[in-house]
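Reproduced below: start.cif, with mmCIF, C-alpha atoms.
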```cif
data_input
loop_
_atom_site.label_atom_id
_atom_site.label_comp_id
_atom_site.auth_asym_id
_atom_site.auth_seq_id
_atom_site.Cartn_x
_atom_site.Cartn_y
_atom_site.Cartn_z
CA MET U 5 -54.78 20.65 -127.36
CA THR U 6 -52.44 20.65 -124.40
CA ASP U 7 -49.46 19.55 -126.46
CA LEU U 8 -49.50 22.69 -128.59
CA SER U 9 -47.46 25.74 -127.70
CA GLY U 10 -48.27 29.28 -128.72
CA TYR U 11 -45.94 31.91 -130.15
CA GLN U 12 -43.69 34.30 -128.28
CA ARG U 13 -44.52 37.98 -128.26
CA PRO U 14 -41.90 40.13 -130.00
CA PHE U 15 -39.12 41.37 -127.75
CA PHE U 16 -39.48 44.83 -126.19
CA GLY U 17 -38.44 47.64 -128.53
CA THR U 18 -38.33 45.58 -131.71
CA GLN U 19 -41.80 46.62 -132.92
CA PRO U 20 -43.13 50.13 -133.55
CA ASP U 21 -46.07 51.46 -131.56
CA TYR U 22 -49.25 52.17 -133.49
CA LEU U 23 -49.07 55.88 -132.75
CA TYR U 24 -45.89 57.54 -134.02
CA PRO U 25 -46.76 61.18 -134.79
CA PRO U 26 -43.67 61.86 -136.97
CA TYR U 27 -45.40 59.46 -139.41
CA ARG U 28 -48.48 61.61 -139.81
CA SER U 29 -50.87 58.95 -141.11
CA THR U 30 -50.68 57.13 -137.76
CA VAL U 31 -52.42 59.99 -135.95
CA LYS U 32 -55.92 59.29 -137.29
CA ARG U 33 -55.48 55.55 -137.77
CA ALA U 34 -53.76 54.22 -134.63
CA PRO U 35 -56.15 52.75 -132.05
CA THR U 36 -56.70 55.11 -129.11
CA ARG U 37 -57.99 52.53 -126.64
CA PRO U 38 -55.76 49.84 -125.16
CA LEU U 39 -55.54 46.54 -127.04
CA VAL U 40 -57.32 43.68 -125.30
CA LEU U 41 -54.81 41.04 -124.25
CA ILE U 42 -56.02 37.54 -125.11
CA PRO U 43 -54.51 34.07 -124.91
CA GLN U 44 -53.48 32.44 -128.18
CA THR U 45 -55.98 29.76 -129.10
CA LEU U 46 -56.02 27.24 -131.93
CA SER U 47 -57.33 30.11 -134.09
CA GLU U 48 -54.16 32.18 -133.60
CA ILE U 49 -51.56 29.41 -133.82
CA THR U 50 -52.88 28.07 -137.11
CA GLY U 51 -52.85 30.04 -140.37
CA PRO U 52 -53.18 29.69 -144.11
CA VAL U 53 -51.09 27.03 -145.82
CA PHE U 54 -49.94 27.70 -149.37
CA GLY U 55 -48.85 24.67 -151.36
CA ALA U 56 -45.97 24.47 -153.82
CA ASN U 57 -48.34 25.48 -156.63
CA ALA U 58 -49.22 28.80 -155.00
CA VAL U 59 -46.58 30.71 -156.96
CA GLY U 60 -45.46 30.56 -160.59
CA ALA U 61 -41.98 29.37 -161.57
CA ASN U 62 -40.83 32.89 -162.53
CA ASP U 63 -42.69 34.87 -159.90
CA PHE U 64 -39.41 35.36 -157.97
CA ASP U 65 -37.97 37.32 -160.91
CA LEU U 66 -39.44 40.82 -161.14
CA THR U 67 -37.27 41.56 -164.19
CA SER U 68 -39.09 38.89 -166.22
CA GLY U 69 -42.54 38.71 -167.73
CA HIS U 70 -42.37 41.83 -169.89
CA ASP U 71 -41.37 42.48 -173.50
CA GLY U 72 -38.02 43.95 -172.50
CA ASP U 73 -35.66 44.46 -169.58
CA PRO U 74 -36.58 46.99 -166.89
CA LEU U 75 -34.34 50.02 -166.45
CA GLY U 76 -32.17 50.17 -163.36
CA GLU U 77 -29.51 48.40 -161.40
CA ARG U 78 -30.23 44.66 -161.46
CA ILE U 79 -30.03 43.04 -158.00
CA VAL U 80 -30.42 39.65 -156.35
CA VAL U 81 -32.02 39.77 -152.91
CA SER U 82 -31.76 36.58 -150.90
CA GLY U 83 -31.67 35.33 -147.36
CA ARG U 84 -33.30 33.01 -144.91
CA VAL U 85 -36.54 33.08 -142.98
CA LEU U 86 -35.98 31.87 -139.43
CA ASP U 87 -37.80 31.86 -136.13
CA GLU U 88 -36.34 33.34 -132.95
CA SER U 89 -34.64 30.07 -132.06
CA GLY U 90 -32.83 30.12 -135.41
CA LYS U 91 -34.97 27.35 -136.85
CA ALA U 92 -35.60 27.61 -140.59
CA ILE U 93 -39.16 28.29 -141.71
CA PRO U 94 -39.68 26.12 -144.79
CA HIS U 95 -42.27 26.53 -147.58
CA ALA U 96 -43.33 29.97 -146.37
CA LEU U 97 -44.95 32.37 -148.79
CA ILE U 98 -43.16 35.71 -149.31
CA GLU U 99 -44.67 38.59 -151.30
CA LEU U 100 -42.54 41.47 -152.56
CA TRP U 101 -43.53 44.83 -154.04
CA GLN U 102 -41.60 47.99 -154.86
CA ALA U 103 -41.13 51.17 -156.89
CA ASN U 104 -39.21 51.17 -160.16
CA ALA U 105 -35.67 52.50 -160.58
CA ALA U 106 -36.99 56.06 -160.92
CA GLY U 107 -38.91 55.82 -157.63
CA ARG U 108 -42.38 55.43 -159.14
CA TYR U 109 -44.95 52.75 -158.34
CA GLN U 110 -47.17 51.20 -160.98
CA HIS U 111 -50.22 52.39 -159.05
CA PRO U 112 -53.00 54.91 -159.81
CA VAL U 113 -52.45 56.72 -156.49
CA ASP U 114 -48.77 57.41 -157.20
CA ASN U 115 -48.52 60.80 -158.91
CA HIS U 116 -44.80 61.38 -158.39
CA ASP U 117 -43.43 63.07 -161.50
CA ALA U 118 -41.03 60.27 -162.44
CA PRO U 119 -41.36 57.91 -165.40
CA LEU U 120 -43.18 54.59 -165.30
CA ASP U 121 -41.29 51.68 -166.80
CA PRO U 122 -43.36 49.57 -169.21
CA ASN U 123 -41.07 46.64 -168.43
CA PHE U 124 -41.52 46.74 -164.67
CA THR U 125 -44.65 46.02 -162.63
CA GLY U 126 -42.89 45.73 -159.29
CA CYS U 127 -44.42 42.70 -157.63
CA GLY U 128 -43.26 39.13 -157.07
CA ARG U 129 -43.53 36.21 -154.71
CA THR U 130 -41.80 33.03 -153.78
CA LEU U 131 -41.80 30.20 -151.26
CA THR U 132 -38.87 29.47 -148.96
CA ASP U 133 -37.17 26.14 -149.58
CA ALA U 134 -36.80 23.33 -147.03
CA GLN U 135 -33.96 25.26 -145.29
CA GLY U 136 -35.82 28.56 -145.23
CA HIS U 137 -33.89 30.13 -148.12
CA TYR U 138 -35.51 32.55 -150.54
CA ARG U 139 -34.23 34.50 -153.53
CA PHE U 140 -35.62 37.34 -155.64
CA VAL U 141 -34.21 38.93 -158.79
CA THR U 142 -35.26 42.54 -159.32
CA ILE U 143 -33.92 46.07 -159.82
CA LYS U 144 -32.91 48.51 -157.11
CA PRO U 145 -35.85 50.85 -156.50
CA GLY U 146 -35.36 54.61 -156.47
CA ALA U 147 -35.98 56.93 -153.56
CA TYR U 148 -39.10 59.05 -153.89
CA PRO U 149 -40.67 62.11 -152.27
CA TRP U 150 -43.82 61.94 -150.14
CA ARG U 151 -45.87 64.56 -148.39
CA ASN U 152 -45.40 63.54 -144.78
CA HIS U 153 -43.36 66.67 -144.00
CA PHE U 154 -41.39 69.31 -145.89
CA ASN U 155 -38.89 67.77 -148.33
CA ALA U 156 -39.69 64.24 -147.16
CA TRP U 157 -38.09 61.39 -149.12
CA ARG U 158 -38.50 57.68 -148.62
CA PRO U 159 -35.20 55.78 -148.70
CA ALA U 160 -35.05 53.05 -151.35
CA HIS U 161 -36.91 50.02 -149.99
CA LEU U 162 -38.58 46.74 -150.83
CA HIS U 163 -41.88 45.76 -149.19
CA PHE U 164 -41.86 42.20 -147.84
CA SER U 165 -44.95 40.29 -146.69
CA LEU U 166 -44.58 36.92 -144.95
CA PHE U 167 -47.11 34.38 -143.76
CA GLY U 168 -44.87 32.03 -141.79
CA GLN U 169 -46.51 28.92 -140.40
CA GLY U 170 -49.38 30.45 -138.48
CA PHE U 171 -51.43 33.60 -137.94
CA MET U 172 -49.03 34.66 -135.15
CA GLN U 173 -46.08 34.73 -137.57
CA ARG U 174 -47.72 37.04 -140.11
CA LEU U 175 -45.35 39.94 -140.80
CA VAL U 176 -45.14 42.83 -143.24
CA THR U 177 -41.90 44.78 -143.26
CA GLN U 178 -39.58 46.82 -145.47
CA MET U 179 -35.99 46.10 -146.48
CA TYR U 180 -33.56 49.00 -146.89
CA PHE U 181 -30.16 49.35 -148.57
CA PRO U 182 -26.85 49.84 -146.77
CA GLY U 183 -25.43 53.35 -146.49
CA ASP U 184 -28.62 55.16 -147.46
CA PRO U 185 -28.38 58.74 -146.10
CA LEU U 186 -32.17 59.06 -146.11
CA LEU U 187 -32.69 56.45 -143.39
CA ALA U 188 -31.98 58.85 -140.53
CA TYR U 189 -34.74 61.18 -141.76
CA ASP U 190 -37.34 58.49 -142.47
CA PRO U 191 -40.12 58.25 -139.86
CA MET U 192 -41.03 54.73 -140.93
CA TYR U 193 -37.49 53.58 -140.24
CA THR U 194 -37.22 55.57 -137.01
CA SER U 195 -40.61 54.31 -135.81
CA VAL U 196 -38.80 51.19 -134.60
CA PRO U 197 -37.75 52.11 -131.04
CA ASP U 198 -34.68 49.90 -130.76
CA GLU U 199 -31.74 51.09 -132.87
CA MET U 200 -30.35 47.60 -133.33
CA ALA U 201 -33.73 46.31 -134.49
CA ARG U 202 -33.92 49.21 -136.95
CA ALA U 203 -30.49 48.37 -138.30
CA ARG U 204 -31.61 44.80 -138.98
CA LEU U 205 -34.03 46.17 -141.59
CA VAL U 206 -31.00 47.21 -143.64
CA SER U 207 -29.73 44.54 -146.03
CA CYS U 208 -26.02 43.74 -146.51
CA PHE U 209 -24.17 43.86 -149.77
CA ASP U 210 -23.15 40.28 -150.54
CA TRP U 211 -20.30 39.18 -152.83
CA GLU U 212 -21.39 35.54 -152.58
CA THR U 213 -24.67 36.13 -154.37
CA THR U 214 -23.42 38.85 -156.70
CA ILE U 215 -23.52 37.52 -160.27
CA PRO U 216 -20.48 38.61 -162.33
CA GLU U 217 -21.39 41.03 -165.10
CA ARG U 218 -25.06 40.66 -164.24
CA ALA U 219 -26.40 41.67 -160.83
CA LEU U 220 -25.37 42.90 -157.35
CA GLY U 221 -26.27 40.69 -154.41
CA TYR U 222 -27.96 41.85 -151.20
CA ARG U 223 -28.66 39.65 -148.22
CA PHE U 224 -31.67 40.07 -145.94
CA ASP U 225 -32.60 37.53 -143.27
CA ILE U 226 -36.05 37.74 -141.71
CA VAL U 227 -36.97 36.49 -138.23
CA LEU U 228 -40.55 35.60 -137.31
CA ASN U 229 -42.01 35.01 -133.83
CA GLY U 230 -40.72 31.78 -132.30
CA ARG U 231 -42.71 29.09 -130.59
CA ASP U 232 -43.15 29.25 -126.82
CA ALA U 233 -41.43 26.54 -124.83
CA THR U 234 -44.57 25.93 -122.81
CA PRO U 235 -47.98 24.72 -124.02
CA MET U 236 -50.57 27.41 -124.68
CA GLU U 237 -52.84 26.59 -121.74
CA ARG U 238 -52.12 29.14 -119.06
CA MET H 21 -29.18 30.68 -131.00
CA SER H 22 -31.56 33.42 -130.02
CA LEU H 23 -32.72 35.94 -132.61
CA LEU H 24 -35.20 38.79 -132.36
CA THR H 25 -38.30 39.15 -134.49
CA THR H 26 -37.87 41.46 -137.48
CA SER H 27 -39.61 44.81 -137.04
CA SER H 28 -42.96 45.39 -138.67
CA GLN H 29 -43.32 48.25 -141.15
CA THR H 30 -46.40 49.72 -142.79
CA VAL H 31 -47.75 48.27 -146.03
CA GLY H 32 -47.96 51.86 -147.29
CA PRO H 33 -50.37 53.27 -149.86
CA PHE H 34 -49.41 50.93 -152.69
CA VAL H 35 -50.14 47.63 -150.97
CA SER H 36 -52.45 46.48 -153.74
CA ILE H 37 -49.45 46.03 -156.06
CA GLY H 38 -48.16 43.27 -153.83
CA PHE H 39 -51.43 41.88 -152.47
CA ALA H 40 -53.88 41.93 -155.40
CA TRP H 41 -52.83 38.58 -156.91
CA LEU H 42 -54.14 36.75 -153.82
CA THR H 43 -57.38 38.68 -153.43
CA THR H 44 -59.95 36.15 -152.21
CA THR H 45 -63.45 37.51 -151.59
CA ASP H 46 -65.14 34.11 -151.81
CA ILE H 47 -63.51 32.12 -149.03
CA ALA H 48 -65.57 28.96 -149.47
CA PRO H 49 -65.83 27.55 -153.01
CA ALA H 50 -69.27 26.26 -154.02
CA ASP H 51 -68.57 22.65 -153.02
CA VAL H 52 -67.57 23.52 -149.44
CA ALA H 53 -70.27 22.61 -146.92
CA GLY H 54 -71.73 25.13 -144.52
CA GLU H 55 -74.12 28.01 -144.02
CA ARG H 56 -73.26 30.72 -146.57
CA VAL H 57 -72.89 34.25 -145.30
CA THR H 58 -71.88 37.56 -146.82
CA VAL H 59 -70.02 39.98 -144.58
CA GLU H 60 -69.87 43.64 -145.54
CA GLY H 61 -68.75 46.77 -143.82
CA CYS H 62 -66.50 49.75 -144.01
CA ILE H 63 -63.43 51.12 -142.31
CA VAL H 64 -63.37 54.67 -141.00
CA ASP H 65 -60.53 56.67 -139.45
CA GLY H 66 -60.47 59.05 -136.50
CA ASP H 67 -62.11 61.81 -138.56
CA GLY H 68 -64.88 59.45 -139.65
CA LYS H 69 -63.41 59.39 -143.13
CA PRO H 70 -63.50 56.14 -145.14
CA VAL H 71 -60.21 54.28 -145.44
CA SER H 72 -59.90 53.45 -149.11
CA ASP H 73 -56.45 51.85 -149.06
CA ALA H 74 -56.86 49.04 -146.52
CA MET H 75 -56.55 45.28 -146.87
CA LEU H 76 -58.32 42.79 -144.62
CA GLU H 77 -57.22 39.21 -144.23
CA ILE H 78 -59.60 36.61 -142.83
CA TRP H 79 -58.65 33.32 -141.19
CA GLN H 80 -61.29 30.80 -140.22
CA ALA H 81 -62.21 27.19 -139.55
CA ASN H 82 -64.68 25.16 -141.60
CA THR H 83 -68.23 24.31 -140.64
CA GLN H 84 -67.00 21.45 -138.41
CA GLY H 85 -64.73 23.85 -136.53
CA LYS H 86 -61.50 22.53 -138.04
CA TYR H 87 -58.69 24.65 -139.45
CA ALA H 88 -56.93 23.59 -142.66
CA HIS H 89 -53.58 23.55 -140.86
CA PRO H 90 -51.37 20.71 -139.56
CA ASP H 91 -51.47 22.03 -135.96
CA ASP H 92 -55.21 21.37 -135.84
CA ARG H 93 -55.19 17.71 -134.85
CA GLN H 94 -58.93 17.32 -134.33
CA ASP H 95 -60.24 14.20 -136.00
CA LYS H 96 -62.53 16.08 -138.38
CA PRO H 97 -62.57 16.38 -142.18
CA VAL H 98 -61.41 19.38 -144.23
CA ALA H 99 -62.48 19.65 -147.87
CA ALA H 100 -59.55 19.87 -150.28
CA GLY H 101 -60.82 23.15 -151.71
CA PHE H 102 -61.07 24.89 -148.34
CA ARG H 103 -58.06 26.96 -147.25
CA GLY H 104 -59.95 29.20 -144.84
CA PHE H 105 -58.14 32.33 -145.97
CA GLY H 106 -59.60 35.50 -147.43
CA ARG H 107 -58.01 38.75 -148.58
CA VAL H 108 -60.28 41.68 -149.23
CA PRO H 109 -59.45 45.29 -150.21
CA THR H 110 -61.52 48.33 -149.31
CA ASP H 111 -62.90 50.46 -152.15
CA ALA H 112 -63.04 54.23 -152.62
CA ARG H 113 -65.89 54.42 -150.06
CA GLY H 114 -63.89 52.42 -147.52
CA ALA H 115 -66.22 49.46 -148.05
CA PHE H 116 -65.34 45.77 -148.18
CA ARG H 117 -67.37 42.64 -148.79
CA PHE H 118 -66.71 38.92 -148.79
CA THR H 119 -68.64 35.68 -148.77
CA THR H 120 -67.84 32.57 -146.79
CA ILE H 121 -69.40 29.88 -144.64
CA LYS H 122 -70.06 30.27 -140.93
CA PRO H 123 -67.34 28.32 -139.10
CA GLY H 124 -68.16 25.80 -136.41
CA ASN H 125 -67.17 25.99 -132.75
CA VAL H 126 -63.41 25.61 -132.31
CA PRO H 127 -61.41 24.55 -129.26
CA GLY H 128 -60.61 27.34 -126.81
CA PRO H 129 -58.31 27.70 -123.80
CA GLY H 130 -58.36 24.72 -121.44
CA ALA H 131 -61.35 22.52 -122.08
CA THR H 132 -63.54 25.36 -123.34
CA THR H 133 -65.08 25.78 -126.77
CA GLN H 134 -65.01 29.06 -128.67
CA ALA H 135 -68.04 30.53 -130.37
CA PRO H 136 -67.88 30.64 -134.19
CA HIS H 137 -65.61 33.52 -135.24
CA LEU H 138 -63.45 34.84 -138.04
CA LEU H 139 -59.96 36.19 -137.29
CA VAL H 140 -59.17 39.46 -139.04
CA SER H 141 -55.83 41.13 -139.77
CA ILE H 142 -56.06 44.72 -140.99
CA PHE H 143 -53.30 46.39 -142.97
CA MET H 144 -53.17 49.97 -144.28
CA ARG H 145 -51.05 53.06 -144.74
CA GLY H 146 -50.64 54.61 -141.31
CA LEU H 147 -50.56 51.27 -139.49
CA LEU H 148 -46.97 50.43 -138.62
CA LYS H 149 -48.14 46.92 -137.74
CA ARG H 150 -51.35 45.04 -138.43
CA LEU H 151 -54.45 45.30 -136.29
CA VAL H 152 -55.99 42.03 -135.12
CA SER H 153 -59.70 41.65 -134.46
CA ARG H 154 -62.45 39.02 -134.60
CA ILE H 155 -65.88 38.83 -136.17
CA TYR H 156 -68.49 36.91 -134.16
CA PHE H 157 -71.98 35.96 -135.35
CA PRO H 158 -75.20 37.55 -134.10
CA ASP H 159 -77.48 35.61 -131.78
CA ASP H 160 -75.14 32.65 -131.44
CA PRO H 161 -75.76 31.17 -127.96
CA ALA H 162 -72.05 30.24 -127.69
CA ASN H 163 -71.10 33.94 -127.62
CA ALA H 164 -72.22 34.03 -123.98
CA THR H 165 -69.53 31.55 -122.91
CA ASP H 166 -66.72 32.47 -125.31
CA ALA H 167 -63.45 32.89 -123.36
CA VAL H 168 -62.09 35.64 -125.63
CA LEU H 169 -65.29 37.70 -125.66
CA ALA H 170 -65.35 37.38 -121.87
CA LEU H 171 -62.02 39.25 -121.71
CA VAL H 172 -63.50 42.23 -123.59
CA PRO H 173 -65.16 44.93 -121.47
CA ALA H 174 -68.91 44.33 -121.73
CA ASP H 175 -69.62 47.76 -123.21
CA ARG H 176 -67.23 47.13 -126.11
CA ARG H 177 -68.19 43.55 -127.00
CA ALA H 178 -70.77 44.65 -129.55
CA THR H 179 -67.95 45.96 -131.79
CA LEU H 180 -66.92 42.34 -132.39
CA ILE H 181 -70.35 40.92 -133.18
CA ALA H 182 -71.61 41.34 -136.73
CA LYS H 183 -75.16 42.60 -137.18
CA GLN H 184 -77.85 41.12 -139.34
CA ALA H 185 -78.43 43.37 -142.34
CA SER H 186 -82.17 44.00 -142.43
CA ALA H 187 -82.58 43.38 -146.14
CA ASN H 188 -81.10 39.90 -146.29
CA ALA H 189 -80.87 37.30 -143.55
CA SER H 190 -77.59 35.86 -144.84
CA THR H 191 -75.85 39.24 -145.05
CA LEU H 192 -74.00 40.50 -142.01
CA THR H 193 -72.55 43.93 -141.32
CA TRP H 194 -69.30 44.46 -139.44
CA ASN H 195 -67.56 47.84 -139.45
CA VAL H 196 -64.08 48.81 -138.37
CA ILE H 197 -64.00 52.07 -136.40
CA LEU H 198 -60.33 52.91 -135.91
CA GLN H 199 -60.76 55.55 -133.22
CA GLY H 200 -63.28 57.13 -130.88
CA ALA H 201 -66.15 56.22 -128.60
CA ASP H 202 -67.26 53.28 -130.75
CA GLU H 203 -63.72 52.14 -131.51
CA THR H 204 -63.53 48.50 -132.61
CA VAL H 205 -61.81 46.17 -130.16
CA PHE H 206 -58.35 45.15 -131.34
CA PHE H 207 -56.36 42.37 -129.74
CA ASP H 208 -52.86 41.79 -128.46
CA CYS H 209 -52.39 38.04 -128.72
#
```

Would it be possible to restate this file's structure as structure tokens?
Amino acid sequence: MTDLSGYQRPFFGTQPDYLYPPYRSTVKRAPTRPLVLIPQTLSEITGPVFGANAVGANDFDLTSGHDGDPLGERIVVSGRVLDESGKAIPHALIELWQANAAGRYQHPVDNHDAPLDPNFTGCGRTLTDAQGHYRFVTIKPGAYPWRNHFNAWRPAHLHFSLFGQGFMQRLVTQMYFPGDPLLAYDPMYTSVPDEMARARLVSCFDWETTIPERALGYRFDIVLNGRDATPMER
Amino acid sequence: MSLLTTSSQTVGPFVSIGFAWLTTTDIAPADVAGERVTVEGCIVDGDGKPVSDAMLEIWQANTQGKYAHPDDRQDKPVAAGFRGFGRVPTDARGAFRFTTIKPGNVPGPGATTQAPHLLVSIFMRGLLKRLVSRIYFPDDPANATDAVLALVPADRRATLIAKQASANASTLTWNVILQGADETVFFDC
């Protein structure tokens, strides 16, 4: 096993702590005892492999699969999945879920008084290509209120879930939209200590992928833990 | 080029919209060899209240101790139908349940061998990043020499070892206690 290297730990400040009291749900759910530091073994550097058949041909298009078109501003969200050395992560499974254009999730727990859209379920998935590129077609989700604090509103966001190439690259994050005034007030966004890291959760408007008379393009690159230069025995 | 890992964010309360399609509560299809086990338990928060909106993901080797992944270069077979991945939601009572096969011993740090174990990632509203833990098997002699268990303070090791459910020998219980005196051990790896 000596020829295998483990994965780097995320750089200081890029990841939120478990306990972040402004996000109230962390208070009773964050661990209170220190994590136990362990070496990465074969168990941690491997992870589930999803073949090309894992997703359906239209699963990348959240506007498809219903009788009609969903309401809202149609968007294309694309980018690359890379590791910290800039190396593309090919054939990686990405899951996406989101609220509809009115800011309502197709979920029994969501009781926000905004309309459901019969033509929008709000989930999709895709695999990155050989160069790490991915692309989703969807609608821009609406902002919505939540009960974290008085007059709390979540900025518009897409939930992204990535598997990468091993257990150590597993990541769930959220993508935001440029210029959203709600970001500064959002404890999920501000839970990330480093301001630059926070800003990287905000997508860029992108002319290149904007489809004339059809959909606005947003670009969002995602970086997963890179491989250590040294083998994992230490 | 040097980039920095994208920040983790919570899965939030509506995670099932995105995760449900890949729910896998039977990790080993019928034709996969190995000793069948059912693992059940529940997740409770710092108030002792059940967590009804969590998702667990399991990662494990097969009965020979081989992972279905290209970085596992051991010269051992893996059945085509065995991915080694499970995804299990909690229900309204905070309970989860899955069936699988007991994995074999897998290579550990240096020349050591690890006791059979399942890796667990836990996602839920209120967790800004996943929790990582392990499920070990009761009465396995290899637990005594496992390099990861050895790093856990002795008085907390029991939180990682499933217990035999009295009613059925092949059913194991493993609970996730998020906070408090009996808090489950979570790892930084």

Which of these, H:Asp46, H:Asp91, H:Glu60, H:Asp111, has the shortest distance to chain U once you count only C-alpha atoms?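 Once distances to chain U are computed over only C-alpha atoms, the minimum belongs to H:Asp91.
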
Return the single residue from U:Leu220, U:Ala61, U:Val206, U:Ala201 that is closest to chain H, with distances computed using all atoms listed in the file.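 Closest to chain H, using all atoms listed in the file: U:Ala201.
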
Got a sec to resolve the PyMOL selection byres ((chain H) within 6 of (chain U)) on this structure and send the residues as a PyMOL selection string? chain H and resi 21-29+38+65-66+89+105+128-130+146+148+198-199+206-209

Point-to-point distance in Å for atom CA of Val141 of chain U and atom CA of Val81 of chain U: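 Pair atom CA of Val81 of chain U / atom CA of Val141 of chain U returns 6.3 Å.
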
For Pro25 of chain U, the nearest of the candidates U:His137, U:His153, U:His70, U:Arg84, counting only C-alpha atoms: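 Selected residue with least distance to Pro25 of chain U: U:His153.
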
Restricting the calculation to all atoms listed in the file: of H:Arg145, H:Arg56, H:Arg107, H:Arg177, which residue gets closest to Leu76 of chain H?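 Ranking H:Arg145, H:Arg56, H:Arg107, H:Arg177 by distance to Leu76 of chain H, first place goes to H:Arg107.
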
Restricting the calculation to only C-alpha atoms: of H:Ile121, H:Ile37, H:Ile155, H:Ala112, which residue gets closest to Lys183 of chain H?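 Distance minimum relative to Lys183 of chain H lands on H:Ile155.
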
Please compute the atom CA of Phe64 of chain U-atom CA of Asn115 of chain U distance, one decimal, in Å.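 Straight-line distance from atom CA of Phe64 of chain U to atom CA of Asn115 of chain U works out to 27.0 Å.
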
Å distance separating atom CA of Ser186 of chain H from atom CA of Pro70 of chain H, one decimal place: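 It comes out at 22.4 Å.
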
Return as a PDB file with C-alpha atoms, in the coordinates of the input the set of residues that the PyMOL selection byres ((chain U and resi 157) around 12) yields on the displayed structure.
```
ATOM      1  CA  GLY U 107     -38.910  55.820-157.630  1.00  0.00           C
ATOM      2  CA  HIS U 116     -44.800  61.380-158.390  1.00  0.00           C
ATOM      3  CA  GLY U 146     -35.360  54.610-156.470  1.00  0.00           C
ATOM      4  CA  ALA U 147     -35.980  56.930-153.560  1.00  0.00           C
ATOM      5  CA  TYR U 148     -39.100  59.050-153.890  1.00  0.00           C
ATOM      6  CA  PRO U 149     -40.670  62.110-152.270  1.00  0.00           C
ATOM      7  CA  TRP U 150     -43.820  61.940-150.140  1.00  0.00           C
ATOM      8  CA  ARG U 151     -45.870  64.560-148.390  1.00  0.00           C
ATOM      9  CA  ASN U 152     -45.400  63.540-144.780  1.00  0.00           C
ATOM     10  CA  HIS U 153     -43.360  66.670-144.000  1.00  0.00           C
ATOM     11  CA  PHE U 154     -41.390  69.310-145.890  1.00  0.00           C
ATOM     12  CA  ASN U 155     -38.890  67.770-148.330  1.00  0.00           C
ATOM     13  CA  ALA U 156     -39.690  64.240-147.160  1.00  0.00           C
ATOM     14  CA  ARG U 158     -38.500  57.680-148.620  1.00  0.00           C
ATOM     15  CA  PRO U 159     -35.200  55.780-148.700  1.00  0.00           C
ATOM     16  CA  ALA U 160     -35.050  53.050-151.350  1.00  0.00           C
ATOM     17  CA  HIS U 161     -36.910  50.020-149.990  1.00  0.00           C
ATOM     18  CA  ASP U 184     -28.620  55.160-147.460  1.00  0.00           C
ATOM     19  CA  PRO U 185     -28.380  58.740-146.100  1.00  0.00           C
ATOM     20  CA  LEU U 186     -32.170  59.060-146.110  1.00  0.00           C
ATOM     21  CA  LEU U 187     -32.690  56.450-143.390  1.00  0.00           C
ATOM     22  CA  ALA U 188     -31.980  58.850-140.530  1.00  0.00           C
ATOM     23  CA  TYR U 189     -34.740  61.180-141.760  1.00  0.00           C
ATOM     24  CA  ASP U 190     -37.340  58.490-142.470  1.00  0.00           C
ATOM     25  CA  PRO U 191     -40.120  58.250-139.860  1.00  0.00           C
ATOM     26  CA  MET U 192     -41.030  54.730-140.930  1.00  0.00           C
ATOM     27  CA  TYR U 193     -37.490  53.580-140.240  1.00  0.00           C
TER      28      TYR U 193
END
```

Using the chain letters and numbering of this document, enumerate as a PyMOL selection string the residues selected by the PyMOL selection byres ((chain H and resi 126) around 8). (chain U and resi 46-47) or (chain H and resi 81+85-86+124-125+127-128+133-136)

Residue among H:Ala53, H:Val108, H:Val152, H:Ala40 lying closest to Thr204 of chain H, counting only C-alpha atoms: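 Residue with the minimum atom-to-atom distance to Thr204 of chain H: H:Val152.
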
Go ahead and fit an axis-aligned box to every listed atom of segment 117-128 of chain U plus 8 Å each side, and pass me the centre and edge lengths in Å, one decimal, as AutoDock Vina command-line options.
```
--center_x -42.8 --center_y 51.1 --center_z -163.1 --size_x 19.6 --size_y 39.9 --size_z 28.1
```

Residue neighbourhood Val59 of chain H, 10 Å, only C-alpha atoms, exclusion window fewer than 4 positions, as a PyMOL selection string: chain H and resi 45+116-120+155+182-185+190-195

I need every residue sitting at most 9 Å from the point (-53.8, 42.8, -148.3) (coordinates as in the file, all atoms listed in the file considered), written as a PyMOL selection string. chain H and resi 31+35-36+38-40+42-43+74-77+107-109+141-144
